[in-house]
$ cat data_12.tsv   # TSV, C-alpha atoms and all ligand atoms
chain	number	residue	atom	x	y	z
B	30	MET	CA	1.39	-10.64	-19.86
B	31	GLN	CA	5.17	-10.37	-19.48
B	32	ALA	CA	6.93	-13.10	-17.50
B	33	ASP	CA	8.12	-10.76	-14.78
B	34	THR	CA	4.65	-9.24	-14.24
B	35	ILE	CA	2.84	-10.49	-11.13
B	36	ILE	CA	-0.01	-7.98	-10.84
B	37	GLU	CA	-1.59	-6.55	-13.95
B	38	ILE	CA	-4.27	-3.89	-13.64
B	39	GLN	CA	-5.97	-2.82	-16.84
B	40	HIS	CA	-8.43	0.06	-17.23
B	41	LEU	CA	-9.60	-0.37	-13.64
B	42	CYS	CA	-12.63	1.71	-12.64
B	43	VAL	CA	-14.17	1.90	-9.17
B	44	GLN	CA	-17.32	3.89	-8.59
B	45	TYR	CA	-19.21	4.60	-5.36
B	46	ASN	CA	-22.57	6.21	-6.09
B	47	ASN	CA	-21.47	9.48	-7.64
B	48	VAL	CA	-17.76	9.25	-6.70
B	49	GLN	CA	-15.42	7.85	-9.33
B	50	ALA	CA	-12.65	6.66	-7.03
B	51	VAL	CA	-10.48	4.95	-9.67
B	52	LYS	CA	-10.52	6.05	-13.29
B	53	GLN	CA	-9.18	3.72	-15.98
B	54	LEU	CA	-6.09	2.79	-13.99
B	55	ASP	CA	-3.37	0.79	-15.76
B	56	LEU	CA	-0.59	-0.52	-13.57
B	57	THR	CA	1.76	-3.49	-13.50
B	58	VAL	CA	3.75	-4.73	-10.55
B	59	ARG	CA	6.83	-6.84	-11.23
B	60	ARG	CA	7.70	-10.06	-9.51
B	61	GLY	CA	9.93	-9.51	-6.51
B	62	GLU	CA	9.73	-5.73	-6.28
B	63	VAL	CA	8.49	-3.46	-3.54
B	64	PHE	CA	6.00	-1.27	-5.34
B	65	GLY	CA	4.60	1.81	-3.63
B	66	MET	CA	1.27	3.43	-4.43
B	67	LEU	CA	1.78	6.98	-3.24
B	68	GLY	CA	-1.05	9.47	-3.04
B	69	PRO	CA	-3.07	11.73	-0.76
B	70	ASN	CA	-6.13	10.58	1.17
B	71	GLY	CA	-8.95	9.80	-1.19
B	72	ALA	CA	-6.65	9.16	-4.17
B	73	GLY	CA	-8.09	5.68	-4.73
B	74	LYS	CA	-5.31	3.56	-3.23
B	75	SER	CA	-7.45	1.40	-0.94
B	76	SER	CA	-10.11	1.01	-3.61
B	77	THR	CA	-7.47	-0.36	-5.96
B	78	LEU	CA	-6.17	-2.77	-3.33
B	79	SER	CA	-9.73	-3.96	-2.62
B	80	CYS	CA	-10.06	-4.96	-6.26
B	81	ILE	CA	-6.73	-6.81	-6.22
B	82	MET	CA	-7.84	-8.72	-3.13
B	83	GLY	CA	-11.21	-9.51	-4.63
B	84	LEU	CA	-13.03	-7.70	-1.82
B	85	ARG	CA	-14.61	-5.44	-4.38
B	86	ARG	CA	-15.60	-6.21	-7.93
B	87	PRO	CA	-14.24	-3.64	-10.40
B	88	ASP	CA	-16.87	-1.44	-12.05
B	89	GLY	CA	-14.70	-1.65	-15.13
B	90	GLY	CA	-11.45	-3.20	-16.23
B	91	THR	CA	-9.58	-6.25	-14.98
B	92	VAL	CA	-7.05	-7.23	-12.35
B	93	ARG	CA	-4.83	-10.28	-12.78
B	94	VAL	CA	-2.56	-11.76	-10.15
B	95	ASP	CA	0.01	-14.21	-11.47
B	96	GLY	CA	-2.22	-14.66	-14.50
B	97	HIS	CA	-5.45	-15.29	-12.57
B	98	ASP	CA	-8.34	-12.90	-13.17
B	99	VAL	CA	-9.40	-11.85	-9.67
B	100	ALA	CA	-13.08	-11.52	-10.58
B	101	ARG	CA	-13.19	-14.99	-12.19
B	102	ASP	CA	-10.86	-16.99	-10.00
B	103	PRO	CA	-10.78	-15.35	-6.56
B	104	LEU	CA	-9.74	-18.55	-4.78
B	105	ALA	CA	-6.58	-18.97	-6.87
B	106	VAL	CA	-5.68	-15.37	-6.07
B	107	LYS	CA	-6.39	-15.81	-2.38
B	108	ARG	CA	-3.80	-18.58	-2.23
B	109	ILE	CA	-1.11	-16.25	-3.58
B	110	LEU	CA	-1.93	-13.11	-1.61
B	111	GLY	CA	-1.24	-12.01	1.94
B	112	VAL	CA	-3.11	-8.96	3.06
B	113	GLN	CA	-2.88	-6.26	5.66
B	114	LEU	CA	-5.90	-3.98	5.54
B	115	GLN	CA	-5.74	-0.27	6.34
B	116	LYS	CA	-7.63	-0.82	9.57
B	117	SER	CA	-6.78	-4.34	10.58
B	118	ALA	CA	-9.58	-6.04	12.45
B	119	LEU	CA	-7.86	-7.61	15.44
B	120	PHE	CA	-10.67	-9.01	17.53
B	121	ASN	CA	-10.23	-7.77	21.08
B	122	GLU	CA	-11.04	-11.05	22.78
B	123	LEU	CA	-8.42	-13.15	20.99
B	124	THR	CA	-4.75	-13.50	21.87
B	125	ALA	CA	-1.96	-13.01	19.32
B	126	VAL	CA	-1.67	-16.79	18.87
B	127	GLU	CA	-5.43	-17.22	18.47
B	128	LEU	CA	-5.59	-14.38	15.93
B	129	ILE	CA	-2.92	-16.04	13.84
B	130	GLU	CA	-4.78	-19.35	14.07
B	131	LEU	CA	-8.02	-17.67	13.05
B	132	TYR	CA	-6.59	-15.94	10.00
B	133	ALA	CA	-4.64	-19.05	9.04
B	134	ALA	CA	-7.88	-21.04	9.14
B	135	LEU	CA	-9.50	-18.48	6.82
B	136	TYR	CA	-6.73	-19.32	4.37
B	137	GLU	CA	-7.21	-23.00	5.10
B	138	VAL	CA	-3.71	-23.42	6.45
B	139	PHE	CA	-3.08	-24.89	9.88
B	140	PRO	CA	0.29	-23.94	11.33
B	141	THR	CA	1.68	-25.82	14.31
B	142	ARG	CA	2.23	-24.04	17.60
B	143	ALA	CA	5.98	-23.96	16.83
B	144	GLN	CA	5.32	-22.34	13.44
B	145	ILE	CA	3.09	-19.73	15.04
B	146	MET	CA	5.71	-18.97	17.66
B	147	ALA	CA	8.38	-18.64	14.94
B	148	LEU	CA	6.16	-16.15	13.11
B	149	LEU	CA	5.58	-14.12	16.27
B	150	GLU	CA	9.30	-14.27	17.07
B	151	ARG	CA	10.14	-12.91	13.66
B	152	PHE	CA	7.96	-9.87	14.30
B	153	GLY	CA	9.32	-9.32	17.79
B	154	LEU	CA	6.12	-10.55	19.43
B	155	ALA	CA	7.19	-13.80	21.07
B	156	GLN	CA	6.64	-12.26	24.50
B	157	LYS	CA	3.14	-11.22	23.44
B	158	ALA	CA	1.85	-14.63	22.35
B	159	GLY	CA	-0.84	-14.62	25.05
B	160	ALA	CA	-1.65	-10.89	24.88
B	161	ARG	CA	-4.93	-9.62	23.47
B	162	ALA	CA	-4.94	-6.83	20.88
B	163	PRO	CA	-5.92	-4.02	23.31
B	164	GLN	CA	-2.87	-4.89	25.41
B	165	LEU	CA	-0.53	-4.29	22.46
B	166	SER	CA	0.95	-0.92	21.51
B	167	GLY	CA	0.13	0.57	18.11
B	168	GLY	CA	3.44	-0.64	16.72
B	169	GLN	CA	2.92	-4.15	18.12
B	170	GLN	CA	-0.59	-4.32	16.65
B	171	GLN	CA	0.81	-3.29	13.29
B	172	ARG	CA	3.53	-5.95	13.52
B	173	LEU	CA	0.90	-8.55	14.40
B	174	ALA	CA	-1.05	-7.49	11.32
B	175	LEU	CA	2.13	-8.00	9.25
B	176	ALA	CA	2.61	-11.45	10.81
B	177	ILE	CA	-0.98	-12.29	9.85
B	178	ALA	CA	-0.27	-11.12	6.28
B	179	LEU	CA	2.40	-13.84	6.04
B	180	VAL	CA	0.34	-16.61	7.58
B	181	ASN	CA	-0.30	-18.36	4.25
B	182	ASN	CA	3.31	-17.91	3.05
B	183	PRO	CA	2.13	-15.67	0.19
B	184	GLN	CA	4.04	-14.76	-2.97
B	185	VAL	CA	2.49	-11.30	-2.97
B	186	VAL	CA	1.88	-9.15	0.09
B	187	LEU	CA	-0.50	-6.18	0.02
B	188	LEU	CA	-0.01	-3.63	2.78
B	189	ASP	CA	-2.42	-0.71	3.06
B	190	GLU	CA	-0.69	2.17	4.85
B	191	PRO	CA	1.38	-0.13	7.07
B	192	THR	CA	3.06	2.74	8.93
B	193	THR	CA	0.31	5.34	9.31
B	194	GLY	CA	0.13	6.51	12.91
B	195	LEU	CA	3.38	4.84	13.98
B	196	ASP	CA	6.25	6.67	15.65
B	197	PRO	CA	9.49	6.99	13.62
B	198	GLN	CA	11.16	4.03	15.32
B	199	ALA	CA	8.19	1.72	14.74
B	200	ARG	CA	8.01	2.90	11.11
B	201	ARG	CA	11.62	1.88	10.59
B	202	GLY	CA	10.85	-1.49	12.13
B	203	VAL	CA	8.10	-2.01	9.56
B	204	TRP	CA	10.46	-0.96	6.76
B	205	ALA	CA	12.95	-3.63	7.88
B	206	MET	CA	10.18	-6.23	7.78
B	207	VAL	CA	9.14	-5.17	4.29
B	208	ARG	CA	12.74	-5.43	3.11
B	209	ARG	CA	12.96	-8.91	4.55
B	210	MET	CA	9.83	-9.91	2.63
B	211	ARG	CA	11.55	-8.75	-0.56
B	212	GLU	CA	14.73	-10.67	0.36
B	213	GLU	CA	12.57	-13.78	0.64
B	214	GLY	CA	11.49	-13.25	-2.95
B	215	ARG	CA	8.00	-11.98	-2.21
B	216	THR	CA	6.45	-9.10	-4.09
B	217	VAL	CA	5.20	-6.28	-1.88
B	218	LEU	CA	2.61	-3.74	-2.96
B	219	LEU	CA	2.11	-1.08	-0.33
B	220	THR	CA	0.30	2.21	-0.11
B	221	THR	CA	1.56	5.21	1.75
B	222	HIS	CA	1.15	8.93	1.91
B	223	TYR	CA	4.66	9.38	3.25
B	224	MET	CA	7.02	10.54	0.52
B	225	ASP	CA	10.15	9.67	2.49
B	226	GLU	CA	8.85	6.15	3.07
B	227	ALA	CA	8.15	5.61	-0.61
B	228	GLN	CA	11.54	6.97	-1.57
B	229	GLU	CA	13.36	4.88	1.03
B	230	LEU	CA	11.58	1.58	0.61
B	231	CYS	CA	10.20	1.19	-2.89
B	232	ASP	CA	11.86	-0.07	-6.04
B	233	ARG	CA	9.19	1.68	-8.08
B	234	ILE	CA	6.48	4.15	-7.20
B	235	GLY	CA	3.16	4.95	-8.82
B	236	ILE	CA	1.88	8.37	-7.85
B	237	ILE	CA	-1.91	8.39	-7.76
B	238	ASP	CA	-4.14	11.41	-7.50
B	239	ASN	CA	-7.90	11.58	-7.94
B	240	GLY	CA	-8.08	7.99	-9.17
B	241	VAL	CA	-5.52	8.58	-11.91
B	242	LEU	CA	-1.90	7.47	-12.21
B	243	VAL	CA	0.10	10.66	-12.68
B	244	ALA	CA	3.59	9.11	-12.82
B	245	LEU	CA	5.33	5.75	-12.42
B	246	ASP	CA	9.05	5.03	-12.15
B	247	THR	CA	11.89	4.40	-9.75
B	248	PRO	CA	12.22	7.08	-7.07
B	249	LEU	CA	15.41	8.44	-8.61
B	250	ALA	CA	13.98	8.50	-12.12
B	251	LEU	CA	10.83	10.30	-10.91
B	252	ILE	CA	12.97	12.94	-9.27
B	253	ALA	CA	15.31	13.27	-12.25
B	254	ARG	CA	12.43	13.59	-14.69
B	255	HIS	CA	9.84	15.64	-12.81
B	256	ALA	CA	11.43	17.63	-9.99
B	257	PRO	CA	11.79	21.27	-11.06
B	258	PRO	CA	15.11	23.01	-10.37
B	259	LEU	CA	15.42	24.06	-6.72
B	260	SER	CA	15.75	27.70	-5.81
B	261	PRO	CA	19.34	28.65	-4.90
B	262	GLN	CA	18.36	28.79	-1.19
B	263	ASP	CA	16.83	25.28	-1.28
B	264	ALA	CA	19.65	23.89	-3.40
B	265	ALA	CA	22.16	25.01	-0.77
B	266	ARG	CA	20.53	22.89	1.93
B	267	ARG	CA	18.82	19.87	0.32
B	268	GLN	CA	18.44	17.55	-2.67
B	269	PRO	CA	15.28	17.49	-4.78
B	270	ASN	CA	12.83	14.87	-3.47
B	271	LEU	CA	9.53	13.18	-4.21
B	272	GLU	CA	7.60	16.00	-2.59
B	273	ASP	CA	8.94	18.33	-5.28
B	274	VAL	CA	7.79	15.79	-7.88
B	275	PHE	CA	4.29	15.61	-6.42
B	276	LEU	CA	4.01	19.39	-6.23
B	277	ALA	CA	5.18	19.73	-9.81
B	278	LEU	CA	2.73	17.10	-11.06
B	279	THR	CA	-0.37	18.09	-9.11
B	280	GLY	CA	0.16	21.67	-7.96
B	281	ARG	CA	-0.21	20.78	-4.29
B	282	GLY	CA	1.45	18.89	-1.47
B	283	LEU	CA	0.52	15.32	-0.60
B	284	ASP	CA	-1.23	16.58	2.52
B	285	GLY	CA	-3.70	18.23	0.18
B	286	GLU	CA	-2.49	21.76	0.67
B	287	GLN	CA	-3.56	23.65	-2.44
B	288	SER	CA	-1.19	26.05	-4.10
B	289	LEU	CA	-2.41	29.63	-4.36
B	290	VAL	CA	-2.58	29.46	-8.12
B	291	GLN	CA	-4.96	26.49	-8.03
B	292	ASP	CA	-7.11	28.06	-5.35
B	293	ASP	CA	-7.46	31.19	-7.44
B	294	GLU	CA	-8.29	29.09	-10.44
B	295	ALA	CA	-10.94	27.19	-8.48
B	296	ARG	CA	-12.51	30.42	-7.27
B	297	TRP	CA	-12.52	31.78	-10.77
B	298	LEU	CA	-14.13	28.62	-12.10
B	299	ALA	CA	-16.73	28.75	-9.34
B	300	THR	CA	-17.75	32.29	-10.30
B	301	THR	CA	-17.98	31.58	-14.01
B	302	THR	CA	-19.84	28.28	-14.06
X	1	LIG	N1	-17.32	2.58	0.66
X	1	LIG	C1	-17.28	3.79	0.09
X	1	LIG	N2	-18.43	4.46	-0.18
X	1	LIG	C2	-18.39	5.67	-0.78
X	1	LIG	N3	-17.27	6.30	-1.14
X	1	LIG	C3	-16.10	5.71	-0.88
X	1	LIG	C4	-16.04	4.41	-0.26
X	1	LIG	N4	-14.74	4.05	-0.12
X	1	LIG	C5	-14.02	5.07	-0.65
X	1	LIG	N5	-14.82	6.06	-1.11
X	1	LIG	C6	-14.39	7.29	-1.77
X	1	LIG	O1	-13.58	6.94	-2.88
X	1	LIG	C7	-12.44	7.78	-2.99
X	1	LIG	C8	-11.19	6.97	-2.89
X	1	LIG	O2	-11.10	6.39	-1.60
X	1	LIG	P1	-9.94	5.36	-1.19
X	1	LIG	O3	-9.79	4.33	-2.24
X	1	LIG	O4	-10.21	4.92	0.20
X	1	LIG	O5	-8.65	6.33	-1.23
X	1	LIG	P2	-7.26	6.24	-0.45
X	1	LIG	O6	-7.09	4.86	0.05
X	1	LIG	O7	-6.25	6.65	-1.48
X	1	LIG	O8	-7.33	7.24	0.66
X	1	LIG	C9	-12.60	8.82	-1.88
X	1	LIG	O9	-13.23	9.95	-2.44
X	1	LIG	C10	-13.48	8.13	-0.88
X	1	LIG	O10	-14.21	9.06	-0.13
X	2	MG	MG	-6.74	4.16	1.95
$ encode --input "data_12.tsv" --output "structure tokens" --more "lines below"
Ligand SMILES: Nc1ncnc2c1ncn2[C@@H]1O[C@H](COP(=O)(O)OP(=O)(O)O)[C@@H](O)[C@H]1O
Ligand SMILES: [Mg+2]
Amino acid sequence: MQADTIIEIQHLCVQYNNVQAVKQLDLTVRRGEVFGMLGPNGAGKSSTLSCIMGLRRPDGGTVRVDGHDVARDPLAVKRILGVQLQKSALFNELTAVELIELYAALYEVFPTRAQIMALLERFGLAQKAGARAPQLSGGQQQRLALAIALVNNPQVVLLDEPTTGLDPQARRGVWAMVRRMREEGRTVLLTTHYMDEAQELCDRIGIIDNGVLVALDTPLALIARHAPPLSPQDAARRQPNLEDVFLALTGRGLDGEQSLVQDDEARWLATTT
């Protein structure tokens, strides 16, 4: 493993009954970068994160975090990782402070009241210390989930779709918080299905489709290498972007919209097999 590698995924396979969600995935995340896993719903992003967190045992392959094999040494990995799940479970009966205490206890850390308040302050939630989750807006709940992800002062932070469902202003707030995590020297691995978010926020991006990595590079390099030339009309009004890359690589948009060619092909296959 190279010195600057913090997460190393080798030949990862995840299988649910008859669905192969992740197929022989190889991926490395470097220390200190913001790495984005970009892909449509069902691509296998959350399944991959579950294996990194040790919530799910790989059906094949290995995941190492800072040299520790997640399947063999889950406790060592837990000490390094902070996690925000796709649907964060914020118990309705607990206040923001109590939620932070609860999650901290799960990590076996016990912050003082002042430390908890500093964490809430950092995420713009100082006024909400005594509020319960249902009294928080979507953006505030998401920020509380980010605060919880930092509760054990982790080296690596995993964020599963941290901005899905947020309004543009709240999304930008989350981006600022992710950038600050990077400034503090943490590594951030996030998933998103927003191309603009990946392009804006990530040092490198892995594009995942159907459980397979279809491309991995910096946003600019992905665009330079894979975006086809724009039509003269498009070229007059915009630059090539990651959406062009995804279309070129998979034949459809990230929202799953199939191109006509692929639909025709699918119909043809269906009639001949
Ligand atoms: N617990 C599960 N049981 C059965 N199938 C699942 C389960 N979780 C995910 N899948 C399937 O695995 C594939 C990948 O899902 P997931 O990893 O959640 O993708 P993503 O996070 O990229 O949307 C999808 O086809 C999904 O329906
Ligand atoms: Mg997911």
$ residues_near_ligand --input "data_12.tsv" --ligand "ligand MG 2 (chain X)" --cutoff "9 Å" --atoms "all atoms listed in the file" --output "list of chain:residue names"
B:Pro69, B:Asn70, B:Gly71, B:Ala72, B:Gly73, B:Lys74, B:Ser75, B:Ser76, B:Leu78, B:Leu114, B:Gln115, B:Asp189, B:Glu190, B:Thr220, B:Thr221
$ atom_distance --input "data_12.tsv" --atom1 "CA of Ser260 in chain B" --atom2 "CA of Asp238 in chain B"
25.8 Å
$ closest_residue --input "data_12.tsv" --among "B:Asn46, B:Asn181, B:Gln156, B:Thr34" --to "ligand LIG 1 (chain X)" --atoms "only C-alpha atoms and all ligand atoms"
B:Asn46
$ closest_residue --input "data_12.tsv" --among "B:Cys231, B:Thr57, B:Met66, B:Met146" --to "ligand LIG 1 (chain X)" --atoms "only C-alpha atoms and all ligand atoms"
B:Met66
$ atom_distance --input "data_12.tsv" --atom1 "CA of Ile129 in chain B" --atom2 "CA of Gly168 in chain B"
16.9 Å
$ closest_residue --input "data_12.tsv" --among "B:Leu219, B:Val186, B:Met210, B:Leu271" --to "ligand LIG 1 (chain X)" --atoms "all atoms listed in the file"
B:Leu219
$ residues_near_point --input "data_12.tsv" --point "(8.8, -4.5, 10.8)" --cutoff "12 Å" --atoms "all atoms listed in the file" --output "number ranges by chain"
B: 149-154, 168-176, 188, 191-192, 195, 197-210
$ residues_near_point --input "data_12.tsv" --point "(-0.6, -14.5, 24.2)" --cutoff "8 Å" --atoms "all atoms listed in the file" --output "short mmCIF file (atom, residue, chain, number, x, y, z; two decimals) with C-alpha atoms, in the frame of the given file"
data_model
loop_
_atom_site.label_atom_id
_atom_site.label_comp_id
_atom_site.auth_asym_id
_atom_site.auth_seq_id
_atom_site.Cartn_x
_atom_site.Cartn_y
_atom_site.Cartn_z
CA THR B 124 -4.75 -13.50 21.87
CA ALA B 125 -1.96 -13.01 19.32
CA VAL B 126 -1.67 -16.79 18.87
CA GLU B 127 -5.43 -17.22 18.47
CA GLN B 156 6.64 -12.26 24.50
CA LYS B 157 3.14 -11.22 23.44
CA ALA B 158 1.85 -14.63 22.35
CA GLY B 159 -0.84 -14.62 25.05
CA ALA B 160 -1.65 -10.89 24.88
CA ARG B 161 -4.93 -9.62 23.47
#
$ closest_residue --input "data_12.tsv" --among "B:Ile236, B:Leu119, B:Ala155, B:Val243" --to "ligand LIG 1 (chain X)" --atoms "only C-alpha atoms and all ligand atoms"
B:Ile236
$ residues_around --input "data_12.tsv" --residues "Gln49 in chain B" --least-positions-apart "3" --cutoff "9 Å" --atoms "only C-alpha atoms" --output "list in words"
Cys42, Val43, Gln44, Tyr45, Asn46, Lys52, Gly73, Asn239 and Gly240 of chain B
$ closest_residue --input "data_12.tsv" --among "B:Leu259, B:Val241, B:Leu230, B:Leu131" --to "ligand LIG 1 (chain X)" --atoms "only C-alpha atoms and all ligand atoms"
B:Val241
$ build_atoms --input "data_12.tsv" --residues "range 246-257 of chain B" --atoms "N, CA, C and O atoms" --output "short mmCIF file (atom, residue, chain, number, x, y, z; two decimals), in the frame of the given file"
data_model
loop_
_atom_site.label_atom_id
_atom_site.label_comp_id
_atom_site.auth_asym_id
_atom_site.auth_seq_id
_atom_site.Cartn_x
_atom_site.Cartn_y
_atom_site.Cartn_z
N ASP B 246 7.63 5.30 -11.85
CA ASP B 246 9.05 5.03 -12.15
C ASP B 246 9.77 4.71 -10.86
O ASP B 246 9.15 4.66 -9.79
N THR B 247 11.09 4.54 -10.97
CA THR B 247 11.89 4.40 -9.75
C THR B 247 11.92 5.77 -9.07
O THR B 247 11.73 6.80 -9.72
N PRO B 248 12.17 5.79 -7.75
CA PRO B 248 12.22 7.08 -7.07
C PRO B 248 13.21 8.05 -7.72
O PRO B 248 12.88 9.21 -7.97
N LEU B 249 14.40 7.54 -8.04
CA LEU B 249 15.41 8.44 -8.61
C LEU B 249 15.00 8.95 -9.98
O LEU B 249 15.20 10.12 -10.30
N ALA B 250 14.40 8.07 -10.77
CA ALA B 250 13.98 8.50 -12.12
C ALA B 250 12.85 9.52 -12.03
O ALA B 250 12.79 10.47 -12.82
N LEU B 251 11.93 9.32 -11.07
CA LEU B 251 10.83 10.30 -10.91
C LEU B 251 11.41 11.67 -10.58
O LEU B 251 10.97 12.69 -11.13
N ILE B 252 12.38 11.67 -9.68
CA ILE B 252 12.97 12.94 -9.27
C ILE B 252 13.73 13.57 -10.44
O ILE B 252 13.59 14.76 -10.72
N ALA B 253 14.52 12.73 -11.13
CA ALA B 253 15.31 13.27 -12.25
C ALA B 253 14.41 13.84 -13.33
O ALA B 253 14.68 14.88 -13.91
N ARG B 254 13.27 13.17 -13.58
CA ARG B 254 12.43 13.59 -14.69
C ARG B 254 11.49 14.74 -14.32
O ARG B 254 11.25 15.62 -15.13
N HIS B 255 10.94 14.72 -13.10
CA HIS B 255 9.84 15.64 -12.81
C HIS B 255 10.16 16.76 -11.82
O HIS B 255 9.40 17.73 -11.76
N ALA B 256 11.20 16.58 -10.99
CA ALA B 256 11.43 17.63 -9.99
C ALA B 256 11.96 18.89 -10.68
O ALA B 256 12.92 18.82 -11.45
N PRO B 257 11.30 20.03 -10.45
CA PRO B 257 11.79 21.27 -11.06
C PRO B 257 13.09 21.70 -10.37
O PRO B 257 13.38 21.24 -9.26
#
